[in-house]
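**Student:** I am sharing entry01.csv, which consists of CSV, C-alpha atoms:
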chain,number,residue,atom,x,y,z
A,25,MET,CA,-18.0,-4.5,9.1
A,26,SER,CA,-17.1,-4.1,5.4
A,27,PHE,CA,-13.7,-5.3,4.2
A,28,SER,CA,-12.6,-1.8,3.4
A,29,LYS,CA,-13.5,-0.5,6.8
A,30,LYS,CA,-11.7,-3.4,8.5
A,31,SER,CA,-8.6,-2.8,6.3
A,32,TYR,CA,-8.6,0.9,6.9
A,33,ALA,CA,-8.8,0.5,10.7
A,34,ILE,CA,-5.8,-1.8,10.5
A,35,PHE,CA,-3.9,0.6,8.3
A,36,GLU,CA,-4.6,3.5,10.7
A,37,ASP,CA,-3.4,1.4,13.6
A,38,ALA,CA,-0.2,0.5,11.9
A,39,THR,CA,0.4,4.0,10.8
A,40,ASN,CA,-0.1,5.4,14.3
A,41,LYS,CA,2.1,2.7,15.8
A,42,TYR,CA,4.9,3.4,13.3
A,43,HIS,CA,4.8,7.1,14.2
A,44,ILE,CA,5.3,6.5,17.9
A,45,THR,CA,9.0,6.2,17.1
A,46,ASP,CA,8.9,7.6,13.5
A,47,ASP,CA,12.1,5.6,12.8
A,48,VAL,CA,12.6,3.4,9.7
A,49,ASP,CA,14.6,0.9,11.7
A,50,THR,CA,11.9,0.3,14.3
A,51,PRO,CA,11.0,-3.4,14.3
A,52,ILE,CA,7.5,-4.3,13.5
A,53,SER,CA,5.3,-5.7,16.2
A,54,ASN,CA,2.4,-7.2,14.3
A,55,PRO,CA,-0.5,-7.9,16.8
A,56,PHE,CA,-2.3,-10.4,14.5
A,57,GLU,CA,-2.0,-14.1,14.1
A,58,PRO,CA,0.6,-14.9,11.3
A,59,ARG,CA,-0.8,-15.9,7.9
A,60,THR,CA,-4.2,-14.3,8.6
A,61,ILE,CA,-5.5,-11.5,6.3
A,62,GLU,CA,-5.3,-9.1,9.2
A,63,PHE,CA,-1.6,-10.0,9.7
A,64,TYR,CA,-0.9,-9.3,6.0
A,65,LEU,CA,-2.8,-6.0,6.1
A,66,TYR,CA,-0.9,-4.7,9.1
A,67,LEU,CA,2.4,-5.8,7.5
A,68,LYS,CA,1.4,-4.1,4.2
A,69,ASN,CA,0.9,-0.7,5.8
A,70,TRP,CA,4.1,-1.0,7.9
A,71,ILE,CA,6.1,-1.7,4.8
A,72,ASP,CA,4.4,1.3,3.1
A,73,ALA,CA,5.1,3.5,6.2
A,74,VAL,CA,8.8,2.6,6.3
A,75,GLN,CA,9.1,3.2,2.5
A,76,TRP,CA,7.3,6.5,2.7
A,77,HIS,CA,10.0,7.8,5.1
A,78,LEU,CA,12.9,6.3,3.2
A,79,GLU,CA,11.6,8.2,0.2
A,80,ASP,CA,11.7,11.4,2.3
A,81,ILE,CA,15.2,10.7,3.6
A,82,ILE,CA,16.7,10.0,0.2
A,83,ARG,CA,15.5,13.4,-1.1
A,84,ASN,CA,17.7,15.3,1.4
A,85,PRO,CA,20.0,17.3,-0.8
A,86,GLN,CA,22.8,17.0,1.7
A,87,ILE,CA,22.6,13.2,2.0
A,88,ASP,CA,25.9,11.3,1.7
A,89,PRO,CA,26.0,9.5,-1.7
A,90,VAL,CA,27.0,6.2,0.0
A,91,GLU,CA,24.0,6.4,2.3
A,92,ALA,CA,21.8,7.4,-0.6
A,93,LEU,CA,22.8,4.3,-2.5
A,94,ALA,CA,22.1,2.1,0.6
A,95,ILE,CA,18.7,3.6,1.0
A,96,LYS,CA,17.9,3.2,-2.8
A,97,ARG,CA,18.8,-0.5,-2.4
A,98,ARG,CA,16.5,-0.7,0.6
A,99,ILE,CA,13.7,1.0,-1.3
A,100,ASP,CA,14.1,-1.5,-4.1
A,101,LYS,CA,13.8,-4.4,-1.7
A,102,SER,CA,10.8,-2.7,-0.1
A,103,ASN,CA,9.1,-2.4,-3.5
A,104,GLN,CA,9.6,-6.1,-4.1
A,105,ASP,CA,8.3,-7.0,-0.7
A,106,ARG,CA,5.3,-4.8,-1.3
A,107,THR,CA,4.5,-6.4,-4.7
A,108,ASP,CA,4.9,-9.9,-3.2
A,109,LEU,CA,2.5,-9.0,-0.4
A,110,VAL,CA,-0.1,-7.6,-2.8
A,111,GLU,CA,0.0,-10.9,-4.7
A,112,LEU,CA,-0.4,-12.8,-1.5
A,113,ILE,CA,-3.4,-10.8,-0.6
A,114,ASP,CA,-4.9,-11.4,-4.0
A,115,SER,CA,-4.3,-15.1,-3.5
A,116,TYR,CA,-6.4,-14.8,-0.3
A,117,PHE,CA,-9.2,-13.3,-2.3
A,118,LEU,CA,-8.9,-16.0,-4.9
A,119,ASP,CA,-9.3,-18.6,-2.2
A,120,GLN,CA,-12.3,-16.8,-0.7
A,121,TYR,CA,-14.2,-16.9,-3.9
A,122,LYS,CA,-12.9,-20.2,-5.3
A,123,ASP,CA,-16.4,-21.8,-5.1
A,124,THR,CA,-18.1,-18.9,-6.9
A,125,GLU,CA,-19.1,-19.6,-10.5
A,126,PRO,CA,-18.8,-16.5,-12.6
A,127,SER,CA,-21.8,-15.9,-14.8
A,128,ALA,CA,-21.5,-16.0,-18.6
A,129,GLN,CA,-21.6,-12.2,-18.6
A,130,ALA,CA,-18.9,-11.8,-16.0
A,131,VAL,CA,-16.1,-9.4,-16.8
A,132,ILE,CA,-12.7,-8.9,-15.3
A,133,ASN,CA,-11.9,-5.7,-13.4
A,134,THR,CA,-9.0,-3.4,-14.6
A,135,GLU,CA,-7.6,-3.7,-11.1
A,136,SER,CA,-7.4,-6.7,-8.7
A,137,PRO,CA,-8.8,-6.3,-5.2
A,138,ALA,CA,-5.4,-6.4,-3.6
A,139,TRP,CA,-4.1,-3.5,-5.7
A,140,ALA,CA,-7.1,-1.5,-4.5
A,141,VAL,CA,-6.1,-2.5,-1.0
A,142,ASP,CA,-2.6,-1.3,-1.7
A,143,ARG,CA,-3.9,2.1,-2.8
A,144,LEU,CA,-6.0,2.3,0.4
A,145,SER,CA,-3.0,1.6,2.6
A,146,ILE,CA,-1.0,4.4,0.9
A,147,LEU,CA,-4.0,6.7,1.2
A,148,ALA,CA,-4.0,6.1,4.9
A,149,LEU,CA,-0.5,7.4,5.0
A,150,LYS,CA,-1.3,10.4,2.8
A,151,ILE,CA,-4.2,11.4,5.1
A,152,TYR,CA,-2.0,11.0,8.3
A,153,HIS,CA,0.7,13.2,6.9
A,154,MET,CA,-1.6,15.8,5.4
A,155,GLN,CA,-3.4,16.0,8.8
A,156,GLN,CA,0.0,16.7,10.3
A,157,GLU,CA,0.5,19.5,7.9
A,158,VAL,CA,-2.9,21.0,8.7
A,159,GLY,CA,-2.0,20.9,12.4
A,160,ARG,CA,1.4,22.7,12.1
A,161,THR,CA,1.9,25.9,14.0
A,162,ASP,CA,5.1,27.1,12.3
A,163,VAL,CA,3.5,28.0,8.9
A,164,ASP,CA,1.2,30.6,7.7
A,165,LYS,CA,-2.6,30.4,7.0
A,166,ASN,CA,-2.1,29.9,3.3
A,167,HIS,CA,-0.2,26.7,3.9
A,168,ILE,CA,-2.8,25.5,6.3
A,169,ASP,CA,-5.7,26.3,4.0
A,170,ALA,CA,-3.9,24.6,1.0
A,171,CYS,CA,-3.3,21.5,3.0
A,172,GLN,CA,-6.8,21.4,4.4
A,173,ALA,CA,-8.1,21.6,0.8
A,174,LYS,CA,-5.9,18.6,-0.1
A,175,LEU,CA,-6.9,16.7,3.0
A,176,ASN,CA,-10.6,17.2,2.0
A,177,ILE,CA,-9.8,15.6,-1.4
A,178,LEU,CA,-7.9,12.7,0.2
A,179,LEU,CA,-10.9,12.0,2.5
A,180,GLU,CA,-13.2,12.0,-0.5
A,181,GLN,CA,-10.8,9.6,-2.3
A,182,ARG,CA,-10.9,7.3,0.8
A,183,SER,CA,-14.7,7.2,0.6
A,184,ASP,CA,-14.7,6.6,-3.1
A,185,LEU,CA,-12.0,3.9,-3.0
A,186,SER,CA,-13.5,2.1,-0.1
A,187,SER,CA,-16.9,2.0,-1.8
A,188,ALA,CA,-15.3,0.8,-5.1
A,189,LEU,CA,-13.4,-1.9,-3.3
A,190,ASP,CA,-16.4,-3.2,-1.4
A,191,THR,CA,-18.5,-3.1,-4.6
A,192,LEU,CA,-15.8,-5.1,-6.5
A,193,LEU,CA,-15.7,-7.8,-3.8
A,194,GLN,CA,-19.5,-8.1,-3.8
A,195,GLU,CA,-19.6,-8.3,-7.6
A,196,ILE,CA,-16.9,-11.1,-7.5
A,197,ALA,CA,-19.0,-12.9,-4.8
A,198,ASP,CA,-22.1,-12.5,-6.9
A,199,GLY,CA,-20.3,-13.9,-10.0
A,200,LYS,CA,-20.7,-10.6,-11.9
A,201,LYS,CA,-16.9,-10.1,-12.1
A,202,TYR,CA,-14.0,-12.5,-11.8
A,203,MET,CA,-10.3,-12.0,-10.9
A,204,LYS,CA,-6.9,-13.3,-11.8
A,205,VAL,CA,-3.5,-12.9,-10.1
A,206,TYR,CA,-0.9,-11.8,-12.6
A,207,LYS,CA,2.6,-12.2,-11.1
A,208,GLN,CA,4.5,-9.0,-11.4
A,209,MET,CA,7.2,-9.9,-13.9
A,210,LYS,CA,9.7,-7.3,-12.8
A,211,MET,CA,12.9,-7.7,-14.8
A,212,TYR,CA,15.3,-5.4,-13.0
A,213,ASN,CA,15.6,-7.5,-9.9
A,214,ASP,CA,16.1,-10.7,-11.8
A,215,PRO,CA,19.7,-11.6,-12.6
A,216,ASN,CA,18.6,-13.6,-15.6
A,217,LEU,CA,16.6,-10.7,-17.1
A,218,ASN,CA,18.5,-7.5,-16.3
A,219,PRO,CA,21.3,-7.1,-18.9
A,220,VAL,CA,23.4,-5.2,-16.4
A,221,LEU,CA,23.2,-8.2,-14.0
A,222,TYR,CA,23.7,-11.0,-16.5
A,223,GLY,CA,26.6,-9.2,-18.3
A,224,GLY,CA,24.8,-8.0,-21.4
A,225,LYS,CA,26.2,-4.5,-20.9
Translate this file's structure into structure tokens.

**Tutor:**
Amino acid sequence: MSFSKKSYAIFEDATNKYHITDDVDTPISNPFEPRTIEFYLYLKNWIDAVQWHLEDIIRNPQIDPVEALAIKRRIDKSNQDRTDLVELIDSYFLDQYKDTEPSAQAVINTESPAWAVDRLSILALKIYHMQQEVGRTDVDKNHIDACQAKLNILLEQRSDLSSALDTLLQEIADGKKYMKVYKQMKMYNDPNLNPVLYGGK
């Protein structure tokens, strides 16, 4: 099974498991052995699923401002967790291909493998929710048709992204491309780099 297919199957499983309760406070029950790539993939999608619904909740025009601020803080932490996990997955790929010698003509890709995995995880959530919209019975045909058209595009994106990810991994394995892990130098979470936090403002 290709890496993209394995990943997407795990993402679908995590997405479906999350929606059993559809509650952002539901504890994760990761079925995989800790520190395996499968464990990280499941965790990745669960973080994405929770954040997806936090983003929905915070857009409620009637939300209490205090609750909204608490959710915004939670989204900020989720974004940091997501970024850290993507870097961890890229470290897995670096280890996988550490013995591969890039050819003299090898080039670097614009996107690392793990960021493509990140996009595939979010795409799994988009497809799940668009399928929910297509299956609604409380809306008119125009809504259903519009959502079906969007779903068709999302499914095409899944095919294209999966193919691109697998091709990239093969090219790295063949030495045609190489990869690096650039740590995300986010400044707003760092008390030494955010002027508001270190007293510059």

**Student:** For each of A:Gln86, A:Asn133, A:Ser145, A:Thr50, take the minimum atom-to-atom distance to Arg182 of chain A, counting all atoms listed in the file, then give the residue where this is smallest.

**Tutor:**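 Looking only at the distances to Arg182 of chain A, the closest residue turns out to be A:Ser145.
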
**Student:** Ranking A:Leu112, A:Val205, A:Val74, A:Ala140 by minimum distance to Leu193 of chain A and counting all atoms listed in the file, which one comes first?

**Tutor:**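 Under the stated criterion, the closest residue is A:Ala140.
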
**Student:** Each residue of segment 71-159 of chain A lying at most 9 Å from segment 39-45 of chain A should get a row with its shortest atom-to-atom pair and the distance in Å to one decimal, counting only C-alpha atoms; could you produce that, ordered by chain and increasing number, as CSV?

**Tutor:**
residue,atom,partner,partner_atom,distance
A:Ala73,CA,A:Thr39,CA,6.6
A:Val74,CA,A:Tyr42,CA,8.1
A:Ala148,CA,A:Thr39,CA,7.7
A:Leu149,CA,A:Thr39,CA,6.8
A:Tyr152,CA,A:Thr39,CA,7.8

**Student:** Can you pull out every residue within 10 Å of Gln156 of chain A, counting only C-alpha atoms, but drop anything in the same chain fewer than 5 positions away, and send it as a PDB file with C-alpha atoms, keeping the file's coordinate frame?

**Tutor:**
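Ended up saving to selection-v9.pdb:
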ATOM      1  CA  LYS A 150      -1.300  10.400   2.800  1.00  0.00           C
ATOM      2  CA  ILE A 151      -4.200  11.400   5.100  1.00  0.00           C
ATOM      3  CA  CYS A 171      -3.300  21.500   3.000  1.00  0.00           C
TER       4      CYS A 171
END

**Student:** Near Val158 of chain A, counting all atoms listed in the file, which residues have an atom at most 8 Å away, once you skip same-chain residues fewer than 4 positions from it, shown as a PyMOL selection string?

**Tutor:** chain A and resi 154+167-169+171-172

**Student:** Please identify all polymer residues lying at most 12 Å from the point (-7.0, -8.3, -0.1) (file coordinates), using all atoms listed in the file, and present the result as a PyMOL selection string.

**Tutor:** chain A and resi 27-28+30-32+60-66+68+109-121+135-145+189-190+192-193+203+205
